[in-house]
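Structure data follow from my_file12.cif (mmCIF, C-alpha atoms and all ligand atoms):
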data_run
#
loop_
_atom_site.label_atom_id
_atom_site.label_comp_id
_atom_site.auth_asym_id
_atom_site.auth_seq_id
_atom_site.Cartn_x
_atom_site.Cartn_y
_atom_site.Cartn_z
CA MET A 208 -16.07 116.11 127.79
CA SER A 209 -18.69 113.57 128.72
CA THR A 210 -20.24 110.43 127.36
CA THR A 211 -23.90 109.48 127.53
CA ILE A 212 -24.94 105.95 126.60
CA ILE A 213 -28.43 104.94 125.51
CA ILE A 214 -29.41 101.28 125.68
CA GLY A 215 -32.57 99.33 124.91
CA THR A 216 -33.77 97.50 128.01
CA GLN A 217 -36.11 94.99 126.34
CA TRP A 218 -36.11 93.22 122.93
CA GLY A 219 -35.53 96.31 120.79
CA ASP A 220 -37.93 98.76 119.17
CA GLU A 221 -38.28 100.63 122.49
CA GLY A 222 -38.08 104.02 120.79
CA LYS A 223 -34.39 104.74 121.40
CA GLY A 224 -34.18 106.97 118.32
CA LYS A 225 -36.24 109.75 119.86
CA LEU A 226 -34.19 110.15 123.04
CA THR A 227 -30.98 109.82 121.04
CA ASP A 228 -32.18 112.60 118.80
CA ILE A 229 -33.04 114.84 121.77
CA LEU A 230 -29.69 114.26 123.51
CA CYS A 231 -27.80 114.68 120.25
CA SER A 232 -28.91 118.29 120.09
CA GLN A 233 -26.17 118.89 122.72
CA ALA A 234 -23.68 116.42 121.26
CA ASP A 235 -20.54 116.88 119.18
CA VAL A 236 -20.21 113.21 118.32
CA VAL A 237 -22.73 110.39 118.12
CA ALA A 238 -21.46 106.86 117.81
CA ARG A 239 -22.73 103.36 117.22
CA ALA A 240 -20.89 100.51 118.85
CA ALA A 241 -22.43 97.19 117.80
CA GLY A 242 -24.86 95.42 115.48
CA GLY A 243 -25.27 96.28 111.84
CA HIS A 244 -28.02 97.09 109.37
CA ASN A 245 -30.38 94.91 111.41
CA ALA A 246 -30.98 98.03 113.55
CA GLY A 247 -33.78 100.50 112.99
CA HIS A 248 -34.22 103.89 114.66
CA VAL A 249 -37.09 106.01 113.49
CA VAL A 250 -36.51 109.71 114.06
CA GLN A 251 -38.94 112.46 113.23
CA ALA A 252 -37.53 115.97 113.61
CA ASN A 253 -37.29 119.33 111.83
CA GLY A 254 -39.81 118.13 109.26
CA ILE A 255 -37.61 115.16 108.33
CA TYR A 256 -38.56 111.54 108.93
CA HIS A 257 -35.83 108.95 108.64
CA ASN A 258 -35.57 105.30 109.56
CA PHE A 259 -31.91 104.92 110.51
CA ARG A 260 -30.40 101.53 109.81
CA LEU A 261 -26.63 101.72 109.75
CA LEU A 262 -26.04 105.45 110.11
CA PRO A 263 -26.07 106.95 113.60
CA SER A 264 -29.17 109.08 114.13
CA GLY A 265 -27.15 112.03 115.44
CA LEU A 266 -26.72 113.07 111.81
CA MET A 267 -30.04 114.86 112.26
CA THR A 268 -28.20 117.39 114.43
CA PRO A 269 -26.37 120.02 112.38
CA LYS A 270 -22.58 119.84 112.80
CA CYS A 271 -22.70 116.66 114.91
CA LEU A 272 -20.13 114.09 113.74
CA ALA A 273 -21.16 110.45 113.50
CA LEU A 274 -18.94 107.41 114.03
CA ILE A 275 -19.75 103.83 113.17
CA GLY A 276 -17.54 102.13 115.70
CA THR A 277 -15.32 99.08 115.63
CA GLY A 278 -17.92 96.70 117.12
CA VAL A 279 -20.31 97.23 114.19
CA VAL A 280 -20.50 94.82 111.26
CA PHE A 281 -20.45 97.07 108.25
CA HIS A 282 -22.45 96.46 105.06
CA ILE A 283 -21.08 98.88 102.48
CA PRO A 284 -24.01 99.01 100.00
CA THR A 285 -26.47 99.74 102.81
CA PHE A 286 -24.22 102.53 104.07
CA LEU A 287 -23.96 104.14 100.62
CA GLN A 288 -27.68 103.82 99.93
CA GLU A 289 -28.68 105.23 103.33
CA LEU A 290 -26.31 108.14 102.89
CA LYS A 291 -27.90 108.92 99.53
CA ASP A 292 -31.41 108.61 100.99
CA ILE A 293 -30.76 110.88 103.96
CA GLU A 294 -29.17 113.54 101.76
CA GLU A 295 -32.21 113.48 99.47
CA GLU A 296 -34.44 113.80 102.53
CA GLY A 297 -32.72 117.05 103.47
CA ILE A 298 -29.52 116.33 105.48
CA LYS A 299 -27.38 117.72 102.70
CA ASP A 300 -23.99 117.51 104.39
CA ALA A 301 -24.36 114.02 105.90
CA ARG A 302 -21.44 112.62 103.91
CA ASP A 303 -19.06 115.20 105.37
CA ARG A 304 -19.96 114.18 108.92
CA VAL A 305 -20.06 110.39 108.93
CA PHE A 306 -17.06 108.17 109.61
CA VAL A 307 -16.47 104.48 110.08
CA SER A 308 -13.81 102.65 112.01
CA ASP A 309 -11.27 100.79 109.87
CA ARG A 310 -11.41 97.94 112.40
CA CYS A 311 -15.08 97.19 111.64
CA HIS A 312 -15.67 93.79 110.10
CA VAL A 313 -17.09 93.91 106.60
CA ASN A 314 -20.53 92.36 106.38
CA PHE A 315 -20.52 90.83 102.89
CA ASP A 316 -23.49 89.73 100.83
CA LEU A 317 -21.88 86.34 101.41
CA HIS A 318 -22.83 86.61 105.08
CA ALA A 319 -26.46 87.31 104.20
CA ALA A 320 -26.52 84.27 101.91
CA VAL A 321 -25.12 82.16 104.77
CA ASP A 322 -27.69 83.63 107.19
CA ALA A 323 -30.51 82.57 104.84
CA ALA A 324 -29.05 79.09 104.35
CA GLN A 325 -28.59 78.61 108.12
CA GLU A 326 -32.10 79.74 108.96
CA GLN A 327 -33.50 77.41 106.32
CA GLU A 328 -31.51 74.53 107.77
CA LEU A 329 -32.80 75.26 111.29
CA GLY A 330 -36.40 74.92 110.10
CA ASN A 331 -38.77 75.18 113.08
CA ASN A 332 -35.88 76.17 115.34
CA ALA A 333 -34.89 79.17 113.19
CA VAL A 334 -33.86 82.28 115.16
CA GLY A 335 -36.03 84.51 113.00
CA SER A 336 -32.99 86.59 112.05
CA MET A 337 -33.23 89.54 109.68
CA LYS A 338 -31.18 87.49 107.17
CA ARG A 339 -28.76 90.38 106.89
CA GLY A 340 -25.71 88.32 107.67
CA ILE A 341 -25.23 89.67 111.18
CA GLY A 342 -24.68 86.31 112.92
CA PRO A 343 -22.43 84.88 110.18
CA CYS A 344 -20.35 88.08 110.10
CA TYR A 345 -19.75 88.00 113.86
CA SER A 346 -18.97 84.28 113.49
CA THR A 347 -16.28 84.83 110.88
CA LYS A 348 -14.89 87.62 113.05
CA ALA A 349 -14.69 85.29 116.05
CA ILE A 350 -13.26 82.40 114.06
CA ARG A 351 -10.70 84.84 112.59
CA SER A 352 -11.56 84.37 108.95
CA GLY A 353 -13.40 87.69 108.54
CA LEU A 354 -12.07 90.86 106.92
CA ARG A 355 -11.67 94.23 108.51
CA LEU A 356 -12.60 97.34 106.56
CA ALA A 357 -8.93 98.39 106.47
CA GLU A 358 -8.16 95.27 104.43
CA ILE A 359 -10.39 96.02 101.46
CA PHE A 360 -7.94 98.59 100.09
CA ASP A 361 -5.30 95.96 99.40
CA GLU A 362 -7.16 94.65 96.37
CA LYS A 363 -5.19 91.50 95.65
CA SER A 364 -5.09 90.13 99.17
CA PHE A 365 -8.73 91.17 99.73
CA GLU A 366 -9.90 89.18 96.71
CA GLU A 367 -7.91 86.11 97.77
CA LYS A 368 -9.35 86.21 101.27
CA LEU A 369 -12.95 86.70 100.14
CA ARG A 370 -12.66 83.85 97.63
CA ARG A 371 -11.26 81.58 100.36
CA LEU A 372 -14.08 82.54 102.72
CA ALA A 373 -16.73 81.97 100.05
CA ASP A 374 -15.19 78.65 99.09
CA GLY A 375 -15.46 77.39 102.67
CA PHE A 376 -19.14 78.28 102.88
CA GLN A 377 -19.81 76.88 99.42
CA LYS A 378 -18.40 73.53 100.56
CA ARG A 379 -20.43 73.65 103.74
CA PHE A 380 -23.83 74.57 102.19
CA GLY A 381 -23.55 73.43 98.56
CA PRO A 382 -26.41 74.57 96.30
CA ALA A 383 -28.34 75.93 99.34
CA LEU A 384 -25.95 78.91 99.26
CA ASN A 385 -27.28 81.44 96.80
CA TYR A 386 -24.13 83.46 96.15
CA ASP A 387 -21.57 84.37 93.48
CA VAL A 388 -18.26 85.61 94.88
CA GLU A 389 -17.09 87.18 91.60
CA VAL A 390 -20.17 89.43 91.49
CA GLU A 391 -19.42 90.71 95.00
CA ILE A 392 -15.71 91.17 94.28
CA ALA A 393 -16.55 93.26 91.20
CA ARG A 394 -18.75 95.59 93.27
CA PHE A 395 -15.84 96.41 95.55
CA LYS A 396 -14.11 98.22 92.70
CA ASP A 397 -16.64 101.04 93.12
CA TYR A 398 -17.01 100.69 96.88
CA ARG A 399 -13.34 101.47 97.54
CA ALA A 400 -13.53 104.94 96.05
CA ALA A 401 -16.97 105.61 97.48
CA ILE A 402 -16.09 104.92 101.11
CA LYS A 403 -12.43 105.87 101.30
CA GLY A 404 -13.13 109.34 102.65
CA HIS A 405 -15.24 107.93 105.48
CA VAL A 406 -12.81 105.34 106.82
CA VAL A 407 -10.87 106.41 109.91
CA ASP A 408 -8.87 104.92 112.73
CA GLY A 409 -11.73 104.67 115.23
CA VAL A 410 -9.43 104.68 118.25
CA LEU A 411 -7.71 107.86 117.14
CA PHE A 412 -11.06 109.42 116.23
CA MET A 413 -12.37 108.86 119.77
CA ALA A 414 -9.10 110.00 121.36
CA ASN A 415 -9.20 113.22 119.32
CA ALA A 416 -12.83 113.79 120.27
CA LYS A 417 -11.88 113.37 123.91
CA ALA A 418 -8.94 115.78 123.55
CA ARG A 419 -11.33 118.40 122.10
CA GLY A 420 -13.61 117.94 125.12
CA ALA A 421 -16.43 116.64 122.90
CA ASN A 422 -19.82 115.61 124.22
CA ILE A 423 -20.37 112.08 122.98
CA VAL A 424 -23.66 110.20 122.74
CA VAL A 425 -23.54 106.45 122.19
CA GLU A 426 -26.56 105.07 120.47
CA GLY A 427 -27.17 101.48 121.57
CA SER A 428 -28.39 99.05 118.92
CA GLN A 429 -30.80 96.16 119.42
CA ALA A 430 -31.29 95.69 123.16
CA THR A 431 -30.30 93.89 126.33
CA LEU A 432 -32.63 90.91 125.98
CA LEU A 433 -31.14 90.34 122.51
CA ASP A 434 -27.56 90.51 123.83
CA ILE A 435 -25.47 87.47 122.92
CA ASP A 436 -24.58 86.85 126.59
CA TYR A 437 -27.45 88.32 128.59
CA GLY A 438 -30.34 87.86 126.17
CA THR A 439 -32.72 84.98 125.56
CA TYR A 440 -30.09 82.77 123.93
CA PRO A 441 -30.23 81.33 121.30
CA TYR A 442 -32.98 83.75 120.20
CA VAL A 443 -30.65 86.74 120.30
CA THR A 444 -28.57 88.83 117.97
CA SER A 445 -24.86 88.06 117.71
CA SER A 446 -23.33 91.13 119.34
CA SER A 447 -23.06 92.55 122.84
CA ALA A 448 -26.08 94.81 122.77
CA GLY A 449 -25.80 95.85 126.44
CA LEU A 450 -23.47 98.31 128.17
CA GLY A 451 -20.39 96.10 127.77
CA GLY A 452 -20.68 96.16 123.99
CA THR A 453 -20.79 99.94 123.86
CA ILE A 454 -17.50 100.13 125.74
CA SER A 455 -15.61 97.44 123.82
CA GLY A 456 -17.19 98.42 120.50
CA LEU A 457 -15.98 102.01 120.67
CA GLY A 458 -13.14 102.14 123.12
CA ILE A 459 -14.75 104.84 125.21
CA GLY A 460 -13.11 105.63 128.52
CA ILE A 461 -15.25 104.31 131.35
CA ARG A 462 -14.22 107.22 133.53
CA ASP A 463 -15.79 109.63 131.03
CA ILE A 464 -19.25 108.07 131.22
CA LYS A 465 -21.68 110.63 132.58
CA GLU A 466 -24.92 108.70 132.30
CA VAL A 467 -26.17 105.29 131.17
CA ILE A 468 -29.81 105.54 130.15
CA GLY A 469 -32.12 102.57 129.58
CA VAL A 470 -35.09 102.98 127.25
CA VAL A 471 -38.18 100.95 128.14
CA LYS A 472 -41.52 100.83 126.43
CA ALA A 473 -44.56 101.18 128.74
CA TYR A 474 -45.50 97.63 127.68
CA THR A 475 -43.48 94.89 126.00
CA THR A 476 -42.93 94.01 122.34
CA ARG A 477 -40.76 91.55 120.52
CA LEU A 478 -39.84 90.87 116.93
CA GLY A 479 -38.67 87.44 115.81
CA HIS A 480 -38.86 84.18 117.66
CA GLY A 481 -38.06 83.30 121.26
CA GLY A 482 -39.48 83.38 124.79
CA PHE A 483 -41.73 86.27 125.74
CA PRO A 484 -43.47 85.47 129.04
CA THR A 485 -45.97 88.37 129.07
CA GLU A 486 -46.91 88.01 125.39
CA ASN A 487 -50.65 88.40 124.97
CA MET A 488 -52.11 86.60 121.98
CA GLY A 489 -55.63 87.88 122.71
CA GLU A 490 -57.45 91.19 122.64
CA VAL A 491 -54.89 93.02 124.82
CA GLY A 492 -51.96 92.15 122.56
CA ALA A 493 -53.90 93.08 119.43
CA ARG A 494 -54.94 96.39 120.99
CA LEU A 495 -51.39 97.28 122.03
CA GLN A 496 -50.19 96.40 118.55
CA ALA A 497 -52.81 98.55 116.84
CA LYS A 498 -52.77 101.54 119.23
CA GLY A 499 -48.98 101.55 119.45
CA GLY A 500 -48.52 101.07 115.69
CA GLU A 501 -46.20 98.24 116.64
CA TYR A 502 -44.25 97.35 113.56
CA ALA A 503 -40.52 96.65 113.57
CA ALA A 504 -38.59 99.74 112.54
CA VAL A 505 -36.22 97.53 110.57
CA ILE A 506 -38.50 95.40 108.42
CA GLY A 507 -42.00 96.71 109.03
CA LYS A 508 -43.27 93.37 110.37
CA LYS A 509 -45.95 93.33 113.11
CA LEU A 510 -44.46 93.00 116.60
CA ARG A 511 -45.63 90.55 119.24
CA CYS A 512 -47.10 92.50 122.18
CA GLY A 513 -47.92 92.10 125.87
CA TRP A 514 -47.94 93.80 129.26
CA LEU A 515 -44.83 95.29 130.79
CA ASP A 516 -42.58 92.59 132.22
CA LEU A 517 -40.95 93.97 135.34
CA VAL A 518 -39.01 90.77 136.03
CA ALA A 519 -37.24 91.25 132.71
CA LEU A 520 -36.80 94.99 133.27
CA ARG A 521 -35.32 94.49 136.75
CA TYR A 522 -32.90 91.94 135.25
CA SER A 523 -31.98 94.41 132.50
CA CYS A 524 -31.28 97.03 135.20
CA MET A 525 -29.01 94.54 136.98
CA VAL A 526 -27.08 93.81 133.78
CA ASN A 527 -26.48 97.44 132.77
CA GLN A 528 -26.98 99.40 136.00
CA TYR A 529 -28.75 102.27 134.28
CA ASP A 530 -28.50 105.64 135.98
CA CYS A 531 -32.04 106.35 134.83
CA LEU A 532 -34.74 105.21 132.44
CA GLN A 533 -36.77 106.71 129.65
CA LEU A 534 -40.30 105.29 129.52
CA SER A 535 -41.68 105.46 126.01
CA LYS A 536 -45.21 105.33 124.55
CA LEU A 537 -47.09 105.79 127.82
CA ASP A 538 -49.93 107.38 125.81
CA VAL A 539 -50.65 104.01 124.16
CA LEU A 540 -52.02 102.65 127.47
CA GLY A 541 -54.63 105.42 127.65
CA THR A 542 -57.62 103.26 126.67
CA PHE A 543 -57.20 100.45 129.21
CA GLU A 544 -59.41 100.45 132.30
CA THR A 545 -56.87 98.38 134.15
CA ILE A 546 -53.23 97.74 133.32
CA LYS A 547 -51.30 94.64 134.27
CA VAL A 548 -47.59 94.35 135.03
CA GLY A 549 -45.66 91.10 135.31
CA ILE A 550 -44.00 90.98 138.74
CA ALA A 551 -42.81 87.38 139.21
CA TYR A 552 -42.25 84.11 137.32
CA LYS A 553 -43.25 80.66 138.54
CA ASP A 554 -42.07 77.40 137.06
CA LYS A 555 -45.25 75.77 135.72
CA GLU A 556 -43.82 72.30 136.33
CA THR A 557 -42.87 72.75 140.01
CA GLY A 558 -44.95 75.76 141.00
CA GLU A 559 -41.82 77.35 142.47
CA GLU A 560 -41.08 81.03 142.08
CA ILE A 561 -37.97 81.77 140.00
CA PRO A 562 -35.72 84.38 141.64
CA SER A 563 -34.82 86.30 138.47
CA PHE A 564 -34.86 86.15 134.68
CA PRO A 565 -33.79 82.55 133.83
CA ALA A 566 -30.76 81.62 131.71
CA ASN A 567 -32.37 78.48 130.35
CA HIS A 568 -34.61 79.33 127.44
CA ALA A 569 -36.75 76.21 127.93
CA LEU A 570 -37.56 77.39 131.47
CA LEU A 571 -38.34 80.91 130.22
CA GLU A 572 -40.83 79.42 127.78
CA ARG A 573 -42.72 77.52 130.46
CA VAL A 574 -42.91 80.16 133.20
CA GLU A 575 -46.24 81.33 134.51
CA VAL A 576 -46.28 85.08 135.05
CA VAL A 577 -47.66 86.56 138.27
CA TYR A 578 -49.32 89.91 137.52
CA ASP A 579 -50.29 92.94 139.54
CA GLU A 580 -53.18 95.00 138.26
CA LEU A 581 -53.20 98.80 138.36
CA PRO A 582 -56.01 101.22 137.53
CA GLY A 583 -55.79 102.81 134.09
CA TRP A 584 -56.40 106.51 133.40
CA CYS A 585 -58.72 106.12 130.41
CA SER A 586 -57.90 109.50 128.97
CA LYS A 587 -55.75 111.03 126.28
CA ILE A 588 -52.28 112.00 127.45
CA ALA A 589 -50.76 112.16 123.97
CA GLU A 590 -48.39 115.10 123.42
CA MET A 591 -48.34 116.10 127.11
CA CYS A 592 -45.06 117.64 128.20
CA GLU A 593 -45.59 118.28 131.92
CA TRP A 594 -45.50 115.69 134.69
CA SER A 595 -48.12 117.65 136.63
CA ASP A 596 -50.58 117.34 133.71
CA LEU A 597 -50.53 113.54 133.82
CA PRO A 598 -53.55 111.91 135.52
CA LYS A 599 -52.77 110.48 138.96
CA GLU A 600 -53.14 106.90 137.69
CA ALA A 601 -50.53 107.50 135.00
CA GLN A 602 -48.17 109.03 137.55
CA ASP A 603 -48.75 106.04 139.84
CA TYR A 604 -47.95 103.65 137.00
CA VAL A 605 -44.62 105.40 136.46
CA LYS A 606 -43.83 105.39 140.18
CA TYR A 607 -44.75 101.71 140.48
CA ILE A 608 -42.17 100.83 137.81
CA GLU A 609 -39.52 103.01 139.46
CA ASP A 610 -40.11 101.43 142.86
CA PHE A 611 -40.06 97.90 141.47
CA VAL A 612 -36.77 98.22 139.60
CA GLY A 613 -35.15 100.83 141.85
CA THR A 614 -34.27 103.17 138.96
CA LYS A 615 -35.58 106.64 138.27
CA ILE A 616 -37.67 107.34 135.18
CA LYS A 617 -36.34 110.66 133.97
CA TRP A 618 -38.19 110.98 130.66
CA ILE A 619 -41.67 109.86 129.59
CA GLY A 620 -42.62 109.65 125.92
CA THR A 621 -46.15 110.71 125.03
CA GLY A 622 -46.09 110.71 121.22
CA ALA A 623 -43.99 110.29 118.11
CA LYS A 624 -42.52 113.76 117.79
CA ARG A 625 -39.36 115.01 119.50
CA GLU A 626 -41.46 117.47 121.54
CA ASP A 627 -43.81 114.79 122.94
CA MET A 628 -41.71 114.12 126.01
CA ILE A 629 -42.06 114.81 129.73
CA THR A 630 -38.76 115.52 131.43
CA ARG A 631 -38.63 115.04 135.21
CA VAL A 632 -35.87 116.63 137.19
P1 LIG A 701 -30.19 89.13 113.63
O1 LIG A 701 -29.66 90.22 114.50
O2 LIG A 701 -30.63 89.60 112.28
O3 LIG A 701 -29.28 87.96 113.55
O4 LIG A 701 -31.54 88.58 114.32
C1 LIG A 701 -31.52 87.89 115.55
C2 LIG A 701 -32.74 88.25 116.40
O5 LIG A 701 -32.63 89.60 116.85
C3 LIG A 701 -34.07 88.16 115.64
O6 LIG A 701 -35.08 87.71 116.53
C4 LIG A 701 -34.35 89.60 115.27
O7 LIG A 701 -35.73 89.82 115.11
C5 LIG A 701 -33.79 90.34 116.47
N1 LIG A 701 -33.34 91.72 116.17
C6 LIG A 701 -32.18 92.09 115.60
N2 LIG A 701 -32.11 93.42 115.49
C7 LIG A 701 -33.24 93.92 116.01
C8 LIG A 701 -33.73 95.26 116.20
O8 LIG A 701 -33.10 96.27 115.89
N3 LIG A 701 -34.98 95.36 116.77
C9 LIG A 701 -35.69 94.26 117.15
N4 LIG A 701 -35.25 93.00 117.01
C10 LIG A 701 -34.04 92.82 116.44
#
Show how you would write the structure in this file as structure tokens.
Ligand code: IMP
Amino acid sequence: MSTTIIIGTQWGDEGKGKLTDILCSQADVVARAAGGHNAGHVVQANGIYHNFRLLPSGLMTPKCLALIGTGVVFHIPTFLQELKDIEEEGIKDARDRVFVSDRCHVNFDLHAAVDAAQEQELGNNAVGSMKRGIGPCYSTKAIRSGLRLAEIFDEKSFEEKLRRLADGFQKRFGPALNYDVEVEIARFKDYRAAIKGHVVDGVLFMANAKARGANIVVEGSQATLLDIDYGTYPYVTSSSAGLGGTISGLGIGIRDIKEVIGVVKAYTTRLGHGGFPTENMGEVGARLQAKGGEYAAVIGKKLRCGWLDLVALRYSCMVNQYDCLQLSKLDVLGTFETIKVGIAYKDKETGEEIPSFPANHALLERVEVVYDELPGWCSKIAEMCEWSDLPKEAQDYVKYIEDFVGTKIKWIGTGAKREDMITRV
């Protein structure tokens, strides 16, 4: 029995799906602990390409069971649609292997309508959310007016509670809320039968897995710099996307954790609004975007791009204390003659160096980044699988990152496919 946890170190879209998929080949259970259908994990394996949203990507592995854990906010129509899609794509038995905790909060279409109304109200200060109701669903959970999945099976009380919830939001937003509660209630008549067989007691499920000696992989969603506590608040998602969230969101035993792995892209990208000190709005950013095919896995929107920010990565290592890192997309840097890395922040107003990643978003937005410049390798390393085949400059880049953050880089991604990975022992 052992548990391996995979976490995004930056602002998401680091390429967590690929490592998850590789590690799942040895797993009996793969679980998601937080977030909702705002996540996106692209996995390409065994001739199948799937963009995972709510389902755990371990479903790609034959016989592996998948659990959507208690910390997730669960949108039933997305779950049913994704299950249908993945079965049509070739994972025929997916529905026999996927389970969801009955303590998950239900993410209603109501929450998405509230998300849209809130973002509209914020105007220029909008978070840039996916408008999938994630923030509002975690809010109703915290304010204790939300509904757990277990509650939907008591039809009468469920309908009363949803009407009460909708009524409150209707009063708050008026005509800005584009929502009809009776339409959503009617849909639940079909949902109940469709999901009943998937709903389990998540605590018991994990305890049974442990008793069987199962190997468990936890697939982190979003990423540390989007974490509600440790991210660039308020430009964050509404769950605990770091290590803490994986523990509380699943109830895994901390003594069973074998390895906590952070996934970091060889440069930095960000979707949505919010501070991004190394963002490059010029030729470098455009080149990274184009060469890396940098579009958000979730909504296909172009990502903002810039050099690797080691101040942010070191902070992420402090928050989650990764045992090791996986560096992804190193091949994308292959056309740069020199490569910059952000190594310190200075406050533009005072000129003073800031000791770590700042809590105050206004300060983060005005920092000046101090860069170091490393020689590039100007050659194609795509699809390489051996460390010894990498040009010296590429090896030095990897070692520079390791030395700076004090954490070993155990895997290096060199392409989109599962096989395009260097493993260092
Ligand atoms: P929300 O999670 O939809 O509320 O969005 C809040 C912020 O988190 C926005 O800036 C989103 O772009 C960002 N975000 C949420 N999920 C992901 C993800 O899976 N990848 C990248 N960014 C994300």
Write out as a tab-separated table a residue-level contact list of chain A versus ligand LIG 701 (chain A) with cut-off 8 Å: for each qualifying residue the closest pair of atoms and the distance in Å to one decimal, counting all atoms listed in the file, rows sorted by chain and residue number upward.
residue	atom	partner	partner_atom	distance
A:Trp218	CA	A:LIG701	C9	5.9
A:Gly219	CA	A:LIG701	N3	4.2
A:Asp220	CA	A:LIG701	N3	5.1
A:Gly242	CA	A:LIG701	O1	7.1
A:Gly243	CA	A:LIG701	O1	7.9
A:Asn245	CA	A:LIG701	N2	4.7
A:Ala246	CA	A:LIG701	O8	3.6
A:Gly247	CA	A:LIG701	O8	5.2
A:His248	CA	A:LIG701	O8	7.8
A:Asp322	CA	A:LIG701	O3	7.9
A:Val334	CA	A:LIG701	O6	5.7
A:Gly335	CA	A:LIG701	O6	4.9
A:Ser336	CA	A:LIG701	O4	3.3
A:Met337	CA	A:LIG701	O2	3.7
A:Lys338	CA	A:LIG701	O2	5.6
A:Arg339	CA	A:LIG701	O2	5.8
A:Gly340	CA	A:LIG701	O2	6.9
A:Ile341	CA	A:LIG701	O3	5.0
A:Gly342	CA	A:LIG701	O3	4.9
A:Ser428	CA	A:LIG701	O8	6.3
A:Gln429	CA	A:LIG701	O8	4.2
A:Ala430	CA	A:LIG701	N3	7.4
A:Leu433	CA	A:LIG701	O5	5.9
A:Tyr442	CA	A:LIG701	O6	5.8
A:Val443	CA	A:LIG701	C2	4.7
A:Thr444	CA	A:LIG701	O1	3.9
A:Ser445	CA	A:LIG701	O3	6.1
A:Arg477	CA	A:LIG701	C9	6.7
A:Leu478	CA	A:LIG701	O7	4.6
A:Gly479	CA	A:LIG701	O6	3.7
A:His480	CA	A:LIG701	O6	5.3
A:Gly481	CA	A:LIG701	O6	7.1
A:Ala503	CA	A:LIG701	C9	6.5
A:Ala504	CA	A:LIG701	N3	7.1
A:Val505	CA	A:LIG701	O8	6.3
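Across the model, the gap from CA of Leu272 (chain A) to CA of Met208 (chain A) is 14.8 Å.
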Counting all atoms listed in the file, what is within 10 Å of Leu354 (chain A), bar same-chain residues fewer than 5 positions away, as number ranges by chain? A: 310-315, 344, 347-348, 359, 365, 368-369, 372
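Restricting the calculation to only C-alpha atoms, the smallest distance between Gln251 (chain A) and any of A:Pro284, A:Thr211, A:Glu296, A:Arg370 is found for A:Glu296.
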How would you write as number ranges by chain the residues that get within 10 Å of (-30.0, 99.8, 137.3) in the file's frame, counting all atoms listed in the file? A: 467-469, 520-532, 612-615
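The interatomic distance for the pair CA of Arg379 (chain A) and CA of His244 (chain A) works out to 25.3 Å.
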Give me, as a list in words, all polymer residues having an atom no more than 7 Å from Leu571 (chain A), counting all atoms listed in the file and skipping those fewer than 5 positions away in the same chain.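 Contacts, in chain order: Gly482, Pro484 and Pro565 of chain A.
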Dump C-alpha atoms for the selected residues as a PDB file, in the coordinates of the input?
ATOM      1  CA  GLY A 482     -39.480  83.380 124.790  1.00  0.00           C
ATOM      2  CA  PRO A 484     -43.470  85.470 129.040  1.00  0.00           C
ATOM      3  CA  PRO A 565     -33.790  82.550 133.830  1.00  0.00           C
TER       4      PRO A 565
END
Polymer residues at most 10 Å from (-37.6, 82.2, 140.5) by all atoms listed in the file, as a CSV table (one decimal) with C-alpha atoms, keeping the file's coordinate frame:
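Written file, out.csv:
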chain,number,residue,atom,x,y,z
A,518,VAL,CA,-39.0,90.8,136.0
A,551,ALA,CA,-42.8,87.4,139.2
A,552,TYR,CA,-42.2,84.1,137.3
A,553,LYS,CA,-43.2,80.7,138.5
A,554,ASP,CA,-42.1,77.4,137.1
A,558,GLY,CA,-45.0,75.8,141.0
A,559,GLU,CA,-41.8,77.4,142.5
A,560,GLU,CA,-41.1,81.0,142.1
A,561,ILE,CA,-38.0,81.8,140.0
A,562,PRO,CA,-35.7,84.4,141.6
A,563,SER,CA,-34.8,86.3,138.5
A,564,PHE,CA,-34.9,86.2,134.7
A,565,PRO,CA,-33.8,82.6,133.8
A,574,VAL,CA,-42.9,80.2,133.2
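Taking only C-alpha atoms into account, Tyr345 (chain A) lies nearest to A:Ile435 out of the set A:Val388, A:Leu570, A:Ile435, A:Leu450.
For the pair CA of Thr216 (chain A) and CA of Leu230 (chain A), the separation is 17.8 Å.
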Give me the box for region 222-237 of chain A as JSON, namely the centre and edge lengths in Å to one decimal of a box along x, y and z that holds every listed atom plus 4 Å on each side.
{"center_x": -29.1, "center_y": 111.5, "center_z": 120.8, "size_x": 25.9, "size_y": 22.9, "size_z": 13.4}
Quick one: everything within 8 Å of region 393-403 of chain A, counting only C-alpha atoms, minus sequence neighbours fewer than 3 positions away in the same chain. Send it as number ranges by chain. A: 283-284, 287, 359-360, 389-390, 406
